[in-house]
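A.B. asks: The following block contains the structure, expressed as structure tokens.
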Amino acid sequence: MSRKWDAIVVGGGHNGLTAAAYLARAGRKVLVLERRHVLGGAAVTEEIFPGFKFSVCSYVVSLLRPEIIRELQLARHGLEILPLDGTFTPMESGDYLWRVDDAAKTFREISRHSRADAEIYGDYGRAMVELGRFAKDILAMTPPDPFSGKLADVRPLRDLLDRFRALPELDRHNQLQLFTMSAIDFLDQWFETDVLKATMSASGIIGTFLGVRSPGTAYVLLHHYMGDIDGAFRSWGFAKGGTGMVSESIAAAARGFGAEIRVNSPVKHILVKDNEATGVVLENGDYHLASVVLSSCDPRLTFMRMVGAEHLPPAFVSDVSRYKFRGSSGKVNLALDGLPDFRALPGHGRHLRGAISISPSVDYMERAYDEAKYGQFSRRPYIDIVIPSLTDPTVAPPGKHVMSCFVQYAPYDLRGGSWDEQREWFGDTVINTICEHAPNLRERILHRQVLTPLDLEREFGLSEGNIFQGELSLEQLFFLRPAPGWAGYRTPVRRLYLCGSATHPGGGIMAANGRNAANRVLGDRLT
Ligand SMILES: Cc1cc2nc3c(=O)[nH]c(=O)nc-3n(C[C@H](O)[C@H](O)[C@H](O)COP(=O)(O)OP(=O)(O)OC[C@H]3O[C@@H](n4cnc5c(N)ncnc54)[C@H](O)[C@@H]3O)c2cc1C
């Protein structure tokens, strides 16, 4: 079986599908090959238990680029984003902190904890918006290579520097701090309320093997703020029908432009001849030839498994082998026959419709990391909970609910024992931790799905279970992602491109990687 395609995309996650959609829109004949039975990768909806539809991995959307929603007409293809309002943090004292999308209410609520913090909270938000404005254009650009010395690379770097110089002094100062400080050190300069800093710092550690006091985590705060700047939704939201609907709507757009998309089609090898990619071979022995191949899988899978080190320069192989994954997150998905009742704020009010953050203090967050540093999952973890069925009743049977619990830390490498032995213990630990705040949860649980970093690797092809296909640490961002000299979606193998989260601008449901990579392919005029 052979057929000449213009482009083959390995992996039907949302970035692979986005690349396919843009290439097909430009008139290219495109084939997408997805290993699993369902599209979406880490942006997927699955009915794990009858009637309960889970956003199995990613659960909230905000970073998805507005120009992509527009250009691919995703709303017409079924994408609808529902608001996720606020963050509720129950505290160990029995009190709580509940921030909502209403400045006056949030002011009153923070004032209960600190008047000074309430007064400066708005200024902080505005400062982050300014920083994000500077950073957002970077998301859509192909990172220039500062080492190449070519004019095409020097010019965008100089423009960036000029824009940086034009910022007000305070913004420049903040920007540099964000690149170098820990999330807590950065927040300490603004706020005094411990629970407020603990909850805000959480977005600095998502998907990293770092603690809230580790330098470099302040930048990740900004990465998570980006959607608030000019994202289509200006805050976090749920995709109606689960996050899989993001992927499904992009797939529908791609099909509309003529792309062919196949599931249950695991790629075994990327064919390379005379240092050029020529096609792929599937696990079942079928092969397909193409002018270019794009891989949305991470560098370890793409280069070490599918291409083979023998086809690559040794220096590049050594960069790929040093690329850090270090998965640190797990997920517990619960099917419930009723809602949890939080001691700090009993009842089923609006606080259950937003994020519920188990991040009661800065020390709690840092201790959760301490255990992971020494090879254990956190015995009292940070947990980010959402109950999407309250906002989107289509995902659970009437009167029942789905509850998604994102958990840190769950180190991929356990010291002593294996994840297969400790999976249920990990699940129990998460539920016990939530029950400290909402004791009735246990009797509400009908079913549970526990995903460890090992499960994320086995089931979703995320090496070492890293949720972003590699850590979002500074040494792996922008012109260094995934390797110095190879941040522009091209690879050392001609006609082979990367288009997934391991490329600039990193992980999260953004789709920018797929679009940037498709633009690079079209610009190279090899198809
Ligand atoms: C637990 C978890 C929670 C998260 N929460 C959020 C969140 O709330 N919000 C957010 O914005 N982001 C979140 N993320 C991150 C976000 O989901 C990912 O960054 C994003 O979905 C990655 O998309 P991608 O297309 O780049 O890669 P992937 O989704 O990893 O897609 C790669 C695809 O390649 C396929 N594949 C692998 N091997 C082969 C092969 N041999 N042949 C063919 N296909 C193959 C895989 O099955 C997969 O479908 C989360 C991720 C996880 C895991």
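Identifiers in the structure tokens: chain A, B, ... in order shown; residue index from 1 per chain; ligand index from 1 in order shown.
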Would you name the residues within 6 Å of ligand 1, counting only C-alpha atoms and all ligand atoms, and put them as a compact mmCIF listing (two decimals) with C-alpha atoms, in the first residue's frame?
C.D. replies:
```
# COMPACT_ATOMS: atom_id res chain seq x y z
CA VAL A 10 2.07 11.73 12.97
CA GLY A 11 -0.32 12.04 15.93
CA GLY A 12 -3.87 13.37 16.06
CA GLY A 13 -3.56 15.58 19.15
CA HIS A 14 -4.90 19.11 18.80
CA ASN A 15 -1.57 20.42 17.43
CA GLY A 16 -1.20 17.69 14.81
CA LEU A 33 -2.24 9.07 11.57
CA GLU A 34 -3.30 8.70 15.22
CA ARG A 35 -2.22 5.75 17.35
CA ARG A 36 -5.25 5.68 19.68
CA GLY A 40 -7.26 14.52 20.70
CA GLY A 41 -4.16 13.23 22.50
CA ALA A 42 -4.13 15.05 25.84
CA ALA A 43 -7.11 17.16 24.72
CA CYS A 57 -6.32 14.78 30.73
CA SER A 58 -6.59 18.53 30.10
CA TYR A 59 -9.71 19.98 31.62
CA VAL A 60 -9.77 23.76 31.13
CA VAL A 61 -9.20 25.93 28.09
CA PRO A 266 0.28 3.76 15.13
CA VAL A 267 3.39 4.86 13.28
CA LYS A 268 6.40 2.64 13.88
CA SER A 296 3.33 16.03 16.82
CA CYS A 297 4.93 13.52 19.21
CA LYS A 331 -5.07 12.90 37.46
CA PHE A 460 -1.08 9.05 25.69
CA GLY A 461 2.52 8.75 24.51
CA LEU A 462 3.75 11.48 26.89
CA ILE A 467 1.88 16.85 30.50
CA PHE A 468 3.55 19.42 28.20
CA GLY A 500 3.57 19.40 18.95
CA SER A 501 3.93 20.85 22.44
CA GLY A 507 2.38 22.99 26.16
CA GLY A 508 -1.26 23.74 26.84
CA ILE A 509 -4.22 23.79 24.50
```
A.B. asks: Mind dumping a table of every range 427-499 of chain A residue within 10 Å of range 343-362 of chain A, with the nearest atom pair and its distance in Å to one decimal, using only C-alpha atoms, sorted by chain and rising number, as a Markdown table?
C.D. replies:
```
| residue | atom | partner | partner_atom | distance |
| --- | --- | --- | --- | --- |
| A:Thr433 | CA | A:Ile358 | CA | 8.4 |
| A:Ile434 | CA | A:Ile358 | CA | 7.5 |
| A:Cys435 | CA | A:Arg343 | CA | 9.6 |
| A:Glu436 | CA | A:Arg343 | CA | 8.7 |
| A:His437 | CA | A:Arg343 | CA | 5.8 |
| A:Ala438 | CA | A:Arg343 | CA | 5.9 |
| A:Pro439 | CA | A:Arg343 | CA | 7.8 |
| A:Asn440 | CA | A:Arg343 | CA | 9.6 |
```
A.B. asks: Mind dumping the selected residues with all heavy atoms as a PDB file, in the first residue's frame?
C.D. replies:
```
ATOM      1  N   THR A 433      -7.237  13.434  50.877  1.00  0.00           N
ATOM      2  CA  THR A 433      -6.864  14.850  51.012  1.00  0.00           C
ATOM      3  C   THR A 433      -8.091  15.736  50.763  1.00  0.00           C
ATOM      4  O   THR A 433      -8.346  16.676  51.517  1.00  0.00           O
ATOM      5  CB  THR A 433      -5.739  15.203  50.005  1.00  0.00           C
ATOM      6  OG1 THR A 433      -4.649  14.324  50.235  1.00  0.00           O
ATOM      7  CG2 THR A 433      -5.289  16.636  50.150  1.00  0.00           C
ATOM      8  N   ILE A 434      -8.872  15.406  49.732  1.00  0.00           N
ATOM      9  CA  ILE A 434     -10.068  16.234  49.459  1.00  0.00           C
ATOM     10  C   ILE A 434     -11.074  16.065  50.609  1.00  0.00           C
ATOM     11  O   ILE A 434     -11.723  17.022  51.032  1.00  0.00           O
ATOM     12  CB  ILE A 434     -10.703  15.869  48.104  1.00  0.00           C
ATOM     13  CG1 ILE A 434      -9.684  16.034  46.972  1.00  0.00           C
ATOM     14  CG2 ILE A 434     -11.914  16.763  47.818  1.00  0.00           C
ATOM     15  CD1 ILE A 434     -10.149  15.525  45.611  1.00  0.00           C
ATOM     16  N   CYS A 435     -11.163  14.835  51.125  1.00  0.00           N
ATOM     17  CA  CYS A 435     -12.131  14.574  52.200  1.00  0.00           C
ATOM     18  C   CYS A 435     -11.808  15.350  53.481  1.00  0.00           C
ATOM     19  O   CYS A 435     -12.699  15.584  54.303  1.00  0.00           O
ATOM     20  CB  CYS A 435     -12.200  13.075  52.506  1.00  0.00           C
ATOM     21  SG  CYS A 435     -13.171  12.185  51.281  1.00  0.00           S
ATOM     22  N   GLU A 436     -10.553  15.772  53.654  1.00  0.00           N
ATOM     23  CA  GLU A 436     -10.239  16.619  54.820  1.00  0.00           C
ATOM     24  C   GLU A 436     -11.054  17.909  54.747  1.00  0.00           C
ATOM     25  O   GLU A 436     -11.353  18.517  55.759  1.00  0.00           O
ATOM     26  CB  GLU A 436      -8.752  16.964  54.849  1.00  0.00           C
ATOM     27  CG  GLU A 436      -7.870  15.804  55.271  1.00  0.00           C
ATOM     28  CD  GLU A 436      -6.385  16.176  55.212  1.00  0.00           C
ATOM     29  OE1 GLU A 436      -6.048  17.376  55.353  1.00  0.00           O
ATOM     30  OE2 GLU A 436      -5.578  15.258  55.000  1.00  0.00           O
ATOM     31  N   HIS A 437     -11.390  18.329  53.526  1.00  0.00           N
ATOM     32  CA  HIS A 437     -12.152  19.577  53.332  1.00  0.00           C
ATOM     33  C   HIS A 437     -13.624  19.306  53.019  1.00  0.00           C
ATOM     34  O   HIS A 437     -14.479  20.125  53.306  1.00  0.00           O
ATOM     35  CB  HIS A 437     -11.539  20.389  52.187  1.00  0.00           C
ATOM     36  CG  HIS A 437     -10.114  20.748  52.436  1.00  0.00           C
ATOM     37  ND1 HIS A 437      -9.750  21.823  53.203  1.00  0.00           N
ATOM     38  CD2 HIS A 437      -8.954  20.151  52.045  1.00  0.00           C
ATOM     39  CE1 HIS A 437      -8.414  21.897  53.263  1.00  0.00           C
ATOM     40  NE2 HIS A 437      -7.911  20.890  52.569  1.00  0.00           N
ATOM     41  N   ALA A 438     -13.905  18.160  52.398  1.00  0.00           N
ATOM     42  CA  ALA A 438     -15.284  17.822  51.979  1.00  0.00           C
ATOM     43  C   ALA A 438     -15.536  16.351  52.342  1.00  0.00           C
ATOM     44  O   ALA A 438     -15.456  15.474  51.483  1.00  0.00           O
ATOM     45  CB  ALA A 438     -15.444  18.051  50.487  1.00  0.00           C
ATOM     46  N   PRO A 439     -15.818  16.091  53.617  1.00  0.00           N
ATOM     47  CA  PRO A 439     -15.849  14.702  54.105  1.00  0.00           C
ATOM     48  C   PRO A 439     -16.884  13.816  53.392  1.00  0.00           C
ATOM     49  O   PRO A 439     -16.719  12.598  53.360  1.00  0.00           O
ATOM     50  CB  PRO A 439     -16.203  14.840  55.582  1.00  0.00           C
ATOM     51  CG  PRO A 439     -15.989  16.276  55.919  1.00  0.00           C
ATOM     52  CD  PRO A 439     -16.085  17.066  54.669  1.00  0.00           C
ATOM     53  N   ASN A 440     -17.948  14.423  52.832  1.00  0.00           N
ATOM     54  CA  ASN A 440     -18.981  13.564  52.219  1.00  0.00           C
ATOM     55  C   ASN A 440     -18.580  13.057  50.832  1.00  0.00           C
ATOM     56  O   ASN A 440     -19.305  12.271  50.225  1.00  0.00           O
ATOM     57  CB  ASN A 440     -20.320  14.313  52.122  1.00  0.00           C
ATOM     58  CG  ASN A 440     -20.325  15.327  50.983  1.00  0.00           C
ATOM     59  OD1 ASN A 440     -19.277  15.834  50.601  1.00  0.00           O
ATOM     60  ND2 ASN A 440     -21.500  15.609  50.440  1.00  0.00           N
TER      61      ASN A 440
END
```
A.B. asks: Write out as number ranges by chain the residues lying within 10 Å of Leu157 in chain A, counting only C-alpha atoms and excluding same-chain residues fewer than 5 positions away.
C.D. replies: A: 143-146, 151-152, 162-163
A.B. asks: Can you work out the spacing between CA of His113 in chain A and CA of Tyr382 in chain A in Å, to one decimal?
C.D. replies: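 Interatomic distance, CA of His113 in chain A to CA of Tyr382 in chain A: 21.4 Å.
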A.B. asks: I need the residue nearest Thr217 in chain A from this list: A:Ile184, A:Arg322, A:Phe238, A:Ser265. Use only C-alpha atoms for the distance.
C.D. replies: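 Of all the options, A:Ile184 lies closest to Thr217 in chain A.
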A.B. asks: Name all residues at most 6 Å from range 240-243 of chain A (count only C-alpha atoms; drop same-chain ones fewer than 2 positions away) and give them as a PyMOL selection string.
C.D. replies: chain A and resi 43-45+55+80-81+245-246
A.B. asks: Return the single residue from A:Gly506, A:Gly51, A:Pro340, A:Pro156 that is closest to Leu474 in chain A, with distances computed using only C-alpha atoms.
C.D. replies: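 Going through A:Gly506, A:Gly51, A:Pro340, A:Pro156 one by one, the smallest distance to Leu474 in chain A is for A:Gly506.
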A.B. asks: Tell me, as a PyMOL selection string, which residues lie within 12 Å of Met365 in chain A, counting only C-alpha atoms; anything in the same chain fewer than 3 positions away does not count.
C.D. replies: chain A and resi 183-184+194-195+197-206+210-214+357-362+368-372+378-383+407-409
A.B. asks: Between A:Asn519, A:Gln469, A:Ser321, A:Thr18, which has the minimum distance to Leu64 in chain A (counting only C-alpha atoms)?
C.D. replies: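 Comparing A:Asn519, A:Gln469, A:Ser321, A:Thr18 against Leu64 in chain A, the winner is A:Thr18.
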A.B. asks: Please identify which residues in range 153-315 of chain A DSSP calls helix (DSSP H, G or I) from the backbone, and express them as a ChimeraX atom specification.
C.D. replies: /A:153-166,169-180,183-188,194-204,217-230,244-256,299-307,309-311,314-315
A.B. asks: For each of A:Ile48, A:Met128, A:Ala20, A:Leu222, take the minimum atom-to-atom distance to Ala252 in chain A, counting only C-alpha atoms, then give the residue where this is smallest.
C.D. replies: A:Ala20
A.B. asks: Do you know which residues are at most 10 Å from Pro393 in chain A counting only C-alpha atoms, after dropping those on the same chain fewer than 5 positions away, and could you put them as an MDAnalysis selection string?
C.D. replies: chainID A and resid 240:241 388 398:402
A.B. asks: Give me a file of those residues, with N, CA and C atoms, as a JSON list (two decimals), in the first residue's frame.
C.D. replies:
```
[["chain", "number", "residue", "atom", "x", "y", "z"],
["A", 240, "LYS", "N", -17.62, 22.83, 25.86],
["A", 240, "LYS", "CA", -18.86, 22.06, 26.00],
["A", 240, "LYS", "C", -18.65, 20.66, 25.41],
["A", 241, "GLY", "N", -18.98, 19.64, 26.17],
["A", 241, "GLY", "CA", -18.74, 18.27, 25.71],
["A", 241, "GLY", "C", -17.36, 17.76, 26.11],
["A", 388, "PRO", "N", -17.14, 19.94, 35.87],
["A", 388, "PRO", "CA", -17.70, 20.53, 34.64],
["A", 388, "PRO", "C", -19.18, 20.25, 34.46],
["A", 398, "PRO", "N", -28.44, 12.76, 34.36],
["A", 398, "PRO", "CA", -29.14, 13.74, 35.20],
["A", 398, "PRO", "C", -28.90, 13.46, 36.69],
["A", 399, "GLY", "N", -28.58, 14.53, 37.42],
["A", 399, "GLY", "CA", -28.38, 14.41, 38.87],
["A", 399, "GLY", "C", -27.00, 13.88, 39.26],
["A", 400, "LYS", "N", -26.22, 13.46, 38.28],
["A", 400, "LYS", "CA", -24.88, 12.92, 38.58],
["A", 400, "LYS", "C", -23.81, 13.92, 38.08],
["A", 401, "HIS", "N", -22.58, 13.67, 38.48],
["A", 401, "HIS", "CA", -21.52, 14.63, 38.14],
["A", 401, "HIS", "C", -20.20, 13.96, 37.80],
["A", 402, "VAL", "N", -19.39, 14.69, 37.02],
["A", 402, "VAL", "CA", -18.00, 14.29, 36.82],
["A", 402, "VAL", "C", -17.12, 15.31, 37.55]]
```
A.B. asks: Pick the closest to Thr452 in chain A from A:Gly514, A:Gly488, A:Gly330, A:Gly308: which is it, counting only C-alpha atoms?
C.D. replies: A:Gly330
A.B. asks: Using only C-alpha atoms, which residue out of A:Pro215, A:Pro453, A:Pro482, A:Gly427 lies closest to Cys499 in chain A?
C.D. replies: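 So, comparing all the options, the nearest one is A:Pro482.
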A.B. asks: Determine, counting only C-alpha atoms, which protein, DNA and RNA residues have an atom within 9 Å of an atom of Arg326 in chain A; residues of the same chain fewer than 4 positions away are not included. Present the result as an mmCIF file with N, CA, C and O atoms, in the first residue's frame.
C.D. replies:
```
data_model
loop_
_atom_site.group_PDB
_atom_site.id
_atom_site.type_symbol
_atom_site.label_atom_id
_atom_site.label_comp_id
_atom_site.auth_asym_id
_atom_site.auth_seq_id
_atom_site.Cartn_x
_atom_site.Cartn_y
_atom_site.Cartn_z
ATOM 1 N N GLY A 207 2.926 21.181 35.686
ATOM 2 C CA GLY A 207 3.698 20.501 34.636
ATOM 3 C C GLY A 207 5.203 20.600 34.808
ATOM 4 O O GLY A 207 5.935 20.183 33.916
ATOM 5 N N THR A 208 5.678 21.155 35.939
ATOM 6 C CA THR A 208 7.129 21.201 36.147
ATOM 7 C C THR A 208 7.487 20.343 37.356
ATOM 8 O O THR A 208 6.647 20.065 38.211
ATOM 9 N N PHE A 209 8.755 19.980 37.420
ATOM 10 C CA PHE A 209 9.227 19.279 38.608
ATOM 11 C C PHE A 209 9.971 20.302 39.463
ATOM 12 O O PHE A 209 11.158 20.206 39.724
ATOM 13 N N PRO A 411 5.864 12.055 41.011
ATOM 14 C CA PRO A 411 7.092 11.925 40.201
ATOM 15 C C PRO A 411 7.094 10.644 39.391
ATOM 16 O O PRO A 411 6.716 9.588 39.900
ATOM 17 N N TYR A 412 7.514 10.766 38.159
ATOM 18 C CA TYR A 412 7.567 9.583 37.272
ATOM 19 C C TYR A 412 8.467 8.512 37.876
ATOM 20 O O TYR A 412 8.126 7.334 37.887
ATOM 21 N N ASP A 413 9.628 8.958 38.392
ATOM 22 C CA ASP A 413 10.566 7.995 38.985
ATOM 23 C C ASP A 413 10.310 7.884 40.476
ATOM 24 O O ASP A 413 10.643 8.796 41.236
ATOM 25 N N SER A 463 6.153 11.086 27.095
ATOM 26 C CA SER A 463 7.331 10.476 27.718
ATOM 27 C C SER A 463 7.484 10.934 29.164
ATOM 28 O O SER A 463 7.303 12.121 29.474
ATOM 29 N N GLU A 464 7.751 9.988 30.025
ATOM 30 C CA GLU A 464 7.879 10.200 31.478
ATOM 31 C C GLU A 464 6.655 10.898 32.064
ATOM 32 O O GLU A 464 6.708 11.475 33.152
ATOM 33 N N GLY A 465 5.560 10.889 31.323
ATOM 34 C CA GLY A 465 4.308 11.453 31.842
ATOM 35 C C GLY A 465 4.298 12.968 31.905
ATOM 36 O O GLY A 465 3.452 13.555 32.586
ATOM 37 N N ASN A 466 5.225 13.647 31.210
ATOM 38 C CA ASN A 466 5.178 15.114 31.278
ATOM 39 C C ASN A 466 3.996 15.645 30.467
ATOM 40 O O ASN A 466 3.872 15.376 29.267
ATOM 41 N N GLY A 470 7.429 17.769 27.782
ATOM 42 C CA GLY A 470 8.711 18.351 28.202
ATOM 43 C C GLY A 470 8.468 19.570 29.058
ATOM 44 O O GLY A 470 7.538 20.349 28.791
ATOM 45 N N GLU A 471 9.307 19.715 30.079
ATOM 46 C CA GLU A 471 9.092 20.776 31.063
ATOM 47 C C GLU A 471 9.093 22.165 30.447
ATOM 48 O O GLU A 471 9.850 22.439 29.514
#
```
A.B. asks: Give the strand (DSSP E) residues of range 337-374 of chain A, as assigned by DSSP on the backbone, as a PDB file with all heavy atoms, in the first residue's frame.
C.D. replies:
```
ATOM      1  N   ALA A 355     -12.891  26.733  39.772  1.00  0.00           N
ATOM      2  CA  ALA A 355     -11.846  25.804  40.191  1.00  0.00           C
ATOM      3  C   ALA A 355     -11.864  25.734  41.715  1.00  0.00           C
ATOM      4  O   ALA A 355     -12.137  26.733  42.384  1.00  0.00           O
ATOM      5  CB  ALA A 355     -10.495  26.312  39.708  1.00  0.00           C
ATOM      6  N   ILE A 356     -11.610  24.553  42.225  1.00  0.00           N
ATOM      7  CA  ILE A 356     -11.479  24.381  43.679  1.00  0.00           C
ATOM      8  C   ILE A 356     -10.030  23.963  43.898  1.00  0.00           C
ATOM      9  O   ILE A 356      -9.581  22.949  43.360  1.00  0.00           O
ATOM     10  CB  ILE A 356     -12.447  23.300  44.202  1.00  0.00           C
ATOM     11  CG1 ILE A 356     -13.886  23.689  43.842  1.00  0.00           C
ATOM     12  CG2 ILE A 356     -12.262  23.113  45.710  1.00  0.00           C
ATOM     13  CD1 ILE A 356     -14.878  22.554  43.954  1.00  0.00           C
ATOM     14  N   SER A 357      -9.304  24.793  44.627  1.00  0.00           N
ATOM     15  CA  SER A 357      -7.860  24.593  44.717  1.00  0.00           C
ATOM     16  C   SER A 357      -7.478  24.124  46.112  1.00  0.00           C
ATOM     17  O   SER A 357      -7.773  24.795  47.103  1.00  0.00           O
ATOM     18  CB  SER A 357      -7.168  25.925  44.394  1.00  0.00           C
ATOM     19  OG  SER A 357      -5.783  25.784  44.462  1.00  0.00           O
ATOM     20  N   ILE A 358      -6.853  22.959  46.175  1.00  0.00           N
ATOM     21  CA  ILE A 358      -6.352  22.492  47.476  1.00  0.00           C
ATOM     22  C   ILE A 358      -4.911  22.998  47.571  1.00  0.00           C
ATOM     23  O   ILE A 358      -3.959  22.337  47.171  1.00  0.00           O
ATOM     24  CB  ILE A 358      -6.453  20.952  47.610  1.00  0.00           C
ATOM     25  CG1 ILE A 358      -7.886  20.469  47.328  1.00  0.00           C
ATOM     26  CG2 ILE A 358      -5.962  20.507  48.997  1.00  0.00           C
ATOM     27  CD1 ILE A 358      -8.947  20.959  48.294  1.00  0.00           C
TER      28      ILE A 358
END
```
